[in-house]
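**Q** This is the structure, below, for whatever I ask next.
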There are 2 protein chains.
Amino acid sequence: MPTVDHDERRRRIAEVCVAVIAREGLEAATVRRIAAEVGYGTTIVTHYFADKQQLLLWAYRVLAEEAHDRFQEVVARDPADLVGALLSMTAADERGQRRWRAYVAFWDRAARDTAFAAEQRLRIDQALARIAEVVRARNGPRPDLERVSRLLNAVVQGISVQALVDRESWSREQIAAALAHQVATVLGPPARL
Amino acid sequence: MPTVDHDERRRRIAEVCVAVIAREGLEAATVRRIAAEVGYGTTIVTHYFADKQQLLLWAYRVLAEEAHDRFQEVVARDPADLVGALLSMTAADERGQRRWRAYVAFWDRAARDTAFAAEQRLRIDQALARIAEVVRARNGPRPDLERVSRLLNAVVQGISVQALVDRESWSREQIAAALAHQVATVLGPPARL
């Protein structure tokens, strides 16, 4: 018997779950449906996730990790590339759009579900910490670091939800330009550190 | 027989619909459920709204009108009160929170429904035009009016979705301070027109 790769199974289940949510919404993402799409029996899925709530929270986490990885790829190349890092967070490409469609579905749930709200707060805090680090790398320590990070994160979120319904106004180039403008306005040019 | 006030009925139906959406989500807002909550028979509700889709689109419109009215109240007092006008758009108070909870639910639908996406684009355009007008009243005509308005609208949206899950970081005062900071940074002091 081949060894079962549990991490791989969890990852595949979450992947399919995110795809279904992005395409059809949270309601469609039932354990039965995900099991069918991923090609496992429901018993296998419920072995990893006791119920739909657990499955969705896991999918949310996987999504947050994907966003984290993309952010890290940018700052690994240049720790002070704030515009690039913010751009990686937005719905600027196909993958980002899929992620944001799922985010909005999760937010909708979070507005009425304390477990999801707690998860969303955690992800916001992590995003703020990551942004603050890049701001610091770009412009050095500053007393308004938290406020600046919150504002930049708000811009990323506001632009992305608009990009979901209005691709014409928010192409990748337009998003990058808006972020560059916002960063330059709020922080000025990069400091010589 | 007393005359039936159709506008009043439509308004009440939409009100109840928005309340149910904000509390329980879009799925809960069925014609049957809304009819029960408003105290009409389903036949009366379906007299005004052929199906759930029509009812939801109407509720979205009523919500947008409520936001418009609050915005207008501010600019009627001072056409250049940009921070006040933006603040009226956010989830800064109970009513704003209710509105934003419903917005997020509608966005979630808009990501997968072209009629809702079109409605959302229309509302974004109207919001941008309103914001641009106040920016002009505050700082005079400027070539980057559209870009500035888009950025301010993005900040309003980004802050509001965060405020839904994190009231501690986004009290009314904190939202007002963040908006004031953003406006001052992007536009500088009000122009003497």
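For the structure tokens, the naming scheme is as follows: chains receive sequential letters (A, B, ...) according to their order of presentation, residues are indexed from 1 within each chain, and ligands are indexed from 1 in presentation order.
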Here's a check: after a least-squares fit over all in-order C-alpha atoms, write chain A in the frame of chain B, as a short mmCIF file (atom, residue, chain, number, x, y, z; two decimals) with C-alpha atoms, in the first residue's frame.

**A**
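Saved file selection-v7.cif follows:
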```cif
data_model
loop_
_atom_site.label_atom_id
_atom_site.label_comp_id
_atom_site.auth_asym_id
_atom_site.auth_seq_id
_atom_site.Cartn_x
_atom_site.Cartn_y
_atom_site.Cartn_z
CA MET A 1 -61.05 50.70 0.76
CA PRO A 2 -57.95 52.69 1.65
CA THR A 3 -55.61 53.52 -1.23
CA VAL A 4 -52.56 51.28 -1.36
CA ASP A 5 -49.30 53.21 -1.16
CA HIS A 6 -47.16 51.15 -3.52
CA ASP A 7 -43.98 53.17 -2.95
CA GLU A 8 -44.36 52.73 0.79
CA ARG A 9 -44.85 48.98 0.37
CA ARG A 10 -41.81 48.67 -1.89
CA ARG A 11 -39.78 50.69 0.61
CA ARG A 12 -40.86 48.53 3.54
CA ILE A 13 -40.12 45.33 1.65
CA ALA A 14 -36.65 46.59 0.73
CA GLU A 15 -35.98 47.72 4.31
CA VAL A 16 -36.82 44.31 5.70
CA CYS A 17 -34.82 42.66 2.94
CA VAL A 18 -31.70 44.68 3.79
CA ALA A 19 -32.11 43.91 7.49
CA VAL A 20 -32.35 40.15 6.80
CA ILE A 21 -29.32 40.26 4.46
CA ALA A 22 -27.23 42.17 6.99
CA ARG A 23 -28.20 39.75 9.76
CA GLU A 24 -28.24 36.40 7.98
CA GLY A 25 -26.85 36.84 4.48
CA LEU A 26 -28.23 36.86 0.97
CA GLU A 27 -29.34 33.23 1.00
CA ALA A 28 -31.81 33.95 3.81
CA ALA A 29 -33.50 36.74 1.86
CA THR A 30 -36.10 34.67 0.02
CA VAL A 31 -39.38 36.16 -1.19
CA ARG A 32 -41.26 33.90 1.24
CA ARG A 33 -39.13 34.94 4.20
CA ILE A 34 -39.30 38.66 3.43
CA ALA A 35 -43.06 38.45 2.95
CA ALA A 36 -43.42 36.78 6.35
CA GLU A 37 -41.20 39.35 8.09
CA VAL A 38 -42.88 42.35 6.53
CA GLY A 39 -46.31 40.88 7.23
CA TYR A 40 -47.52 40.71 3.62
CA GLY A 41 -48.53 37.61 1.69
CA THR A 42 -46.03 36.31 -0.87
CA THR A 43 -48.51 37.32 -3.62
CA ILE A 44 -48.17 40.95 -2.57
CA VAL A 45 -44.38 40.74 -2.62
CA THR A 46 -44.33 38.99 -6.00
CA HIS A 47 -46.70 41.67 -7.29
CA TYR A 48 -43.79 44.10 -6.88
CA PHE A 49 -40.85 41.77 -7.42
CA ALA A 50 -41.12 38.91 -9.88
CA ASP A 51 -38.43 36.90 -8.12
CA LYS A 52 -35.65 36.99 -5.54
CA GLN A 53 -33.21 38.50 -8.05
CA GLN A 54 -35.50 41.51 -8.64
CA LEU A 55 -36.06 41.91 -4.91
CA LEU A 56 -32.34 41.85 -4.16
CA LEU A 57 -31.48 44.30 -6.92
CA TRP A 58 -34.15 46.64 -5.57
CA ALA A 59 -32.78 46.31 -2.04
CA TYR A 60 -29.33 47.13 -3.38
CA ARG A 61 -30.75 50.26 -4.99
CA VAL A 62 -32.51 51.34 -1.78
CA LEU A 63 -29.25 50.88 0.08
CA ALA A 64 -27.40 53.01 -2.47
CA GLU A 65 -30.06 55.71 -2.09
CA GLU A 66 -29.67 55.66 1.68
CA ALA A 67 -25.92 56.17 1.25
CA HIS A 68 -26.57 58.94 -1.26
CA ASP A 69 -28.95 60.73 1.15
CA ARG A 70 -26.43 60.65 3.97
CA PHE A 71 -23.72 61.98 1.68
CA GLN A 72 -26.00 64.80 0.49
CA GLU A 73 -26.88 65.78 4.07
CA VAL A 74 -23.20 66.43 4.71
CA VAL A 75 -22.50 68.40 1.54
CA ALA A 76 -25.73 70.40 1.93
CA ARG A 77 -24.17 71.81 5.12
CA ASP A 78 -20.74 72.31 3.56
CA PRO A 79 -20.07 71.41 -0.10
CA ALA A 80 -16.33 71.21 0.61
CA ASP A 81 -16.52 68.93 3.69
CA LEU A 82 -14.69 66.06 2.02
CA VAL A 83 -13.78 64.21 5.20
CA GLY A 84 -17.36 64.43 6.48
CA ALA A 85 -18.72 63.26 3.15
CA LEU A 86 -16.33 60.29 2.99
CA LEU A 87 -17.09 59.48 6.63
CA SER A 88 -20.80 59.30 5.81
CA MET A 89 -19.99 56.58 3.26
CA THR A 90 -18.13 54.33 5.72
CA ALA A 91 -19.17 51.73 8.28
CA ALA A 92 -18.56 54.31 11.04
CA ASP A 93 -21.86 53.83 12.85
CA GLU A 94 -24.55 51.22 13.40
CA ARG A 95 -26.43 52.14 10.24
CA GLY A 96 -23.26 52.24 8.18
CA GLN A 97 -22.24 48.82 9.53
CA ARG A 98 -25.58 47.37 8.53
CA ARG A 99 -25.22 48.88 5.09
CA TRP A 100 -21.69 47.51 4.63
CA ARG A 101 -22.65 44.03 5.77
CA ALA A 102 -25.28 44.06 3.04
CA TYR A 103 -22.79 45.54 0.53
CA VAL A 104 -20.33 42.72 1.11
CA ALA A 105 -23.13 40.21 0.56
CA PHE A 106 -24.03 41.96 -2.69
CA TRP A 107 -20.39 42.07 -3.82
CA ASP A 108 -20.15 38.38 -3.21
CA ARG A 109 -23.14 37.92 -5.51
CA ALA A 110 -21.73 40.45 -8.01
CA ALA A 111 -18.58 38.36 -8.42
CA ARG A 112 -20.75 35.66 -10.03
CA ASP A 113 -23.76 37.54 -11.39
CA THR A 114 -23.55 40.02 -14.28
CA ALA A 115 -26.71 41.94 -13.29
CA PHE A 116 -25.30 42.58 -9.83
CA ALA A 117 -21.88 43.41 -11.26
CA ALA A 118 -23.47 46.00 -13.57
CA GLU A 119 -25.39 47.47 -10.62
CA GLN A 120 -22.22 47.62 -8.53
CA ARG A 121 -20.29 49.34 -11.35
CA LEU A 122 -23.10 51.90 -11.66
CA ARG A 123 -22.98 52.61 -7.92
CA ILE A 124 -19.20 52.94 -7.99
CA ASP A 125 -19.45 55.43 -10.85
CA GLN A 126 -22.03 57.44 -8.94
CA ALA A 127 -19.89 57.41 -5.81
CA LEU A 128 -16.85 58.56 -7.81
CA ALA A 129 -18.81 61.42 -9.37
CA ARG A 130 -20.06 62.53 -5.95
CA ILE A 131 -16.58 62.38 -4.41
CA ALA A 132 -15.09 64.26 -7.38
CA GLU A 133 -17.63 67.04 -6.89
CA VAL A 134 -16.62 67.53 -3.25
CA VAL A 135 -12.91 67.37 -4.11
CA ARG A 136 -13.55 70.09 -6.69
CA ALA A 137 -15.45 72.18 -4.13
CA ARG A 138 -12.56 71.76 -1.68
CA ASN A 139 -9.55 72.16 -3.95
CA GLY A 140 -10.79 73.46 -7.28
CA PRO A 141 -10.52 71.72 -10.65
CA ARG A 142 -7.47 69.50 -11.08
CA PRO A 143 -6.28 67.11 -13.77
CA ASP A 144 -6.05 64.12 -11.40
CA LEU A 145 -9.62 64.44 -10.15
CA GLU A 146 -10.65 60.97 -11.27
CA ARG A 147 -7.56 59.27 -9.89
CA VAL A 148 -7.89 61.04 -6.55
CA SER A 149 -11.58 60.13 -6.32
CA ARG A 150 -10.87 56.49 -7.11
CA LEU A 151 -8.23 56.33 -4.42
CA LEU A 152 -10.47 57.97 -1.82
CA ASN A 153 -13.31 55.61 -2.70
CA ALA A 154 -10.94 52.65 -2.36
CA VAL A 155 -9.92 53.87 1.10
CA VAL A 156 -13.58 54.19 2.14
CA GLN A 157 -14.25 50.63 0.98
CA GLY A 158 -11.09 49.14 2.46
CA ILE A 159 -11.62 50.78 5.84
CA SER A 160 -15.28 49.78 5.96
CA VAL A 161 -14.73 46.09 5.29
CA GLN A 162 -12.10 46.06 8.03
CA ALA A 163 -14.38 47.96 10.42
CA LEU A 164 -16.95 45.19 10.04
CA VAL A 165 -14.70 42.71 11.83
CA ASP A 166 -12.49 45.04 13.86
CA ARG A 167 -14.46 47.77 15.62
CA GLU A 168 -11.63 48.34 18.07
CA SER A 169 -9.21 49.49 15.40
CA TRP A 170 -11.88 51.35 13.48
CA SER A 171 -14.08 53.40 15.77
CA ARG A 172 -15.86 56.38 14.22
CA GLU A 173 -13.06 58.65 15.51
CA GLN A 174 -10.33 56.42 14.10
CA ILE A 175 -12.04 56.24 10.72
CA ALA A 176 -12.47 60.03 10.68
CA ALA A 177 -8.79 60.50 11.60
CA ALA A 178 -7.62 58.08 8.89
CA LEU A 179 -9.77 59.81 6.28
CA ALA A 180 -8.59 63.26 7.39
CA HIS A 181 -5.00 62.09 7.12
CA GLN A 182 -5.56 60.56 3.68
CA VAL A 183 -7.32 63.69 2.39
CA ALA A 184 -4.63 66.03 3.78
CA THR A 185 -1.85 63.86 2.34
CA VAL A 186 -3.36 63.54 -1.11
CA LEU A 187 -4.88 67.01 -1.49
CA GLY A 188 -3.18 69.25 1.04
CA PRO A 189 -5.18 71.95 2.81
CA PRO A 190 -8.47 73.21 1.33
CA ALA A 191 -7.89 75.76 -1.40
CA ARG A 192 -9.15 79.34 -0.94
CA LEU A 193 -11.59 79.36 -3.81
#
```
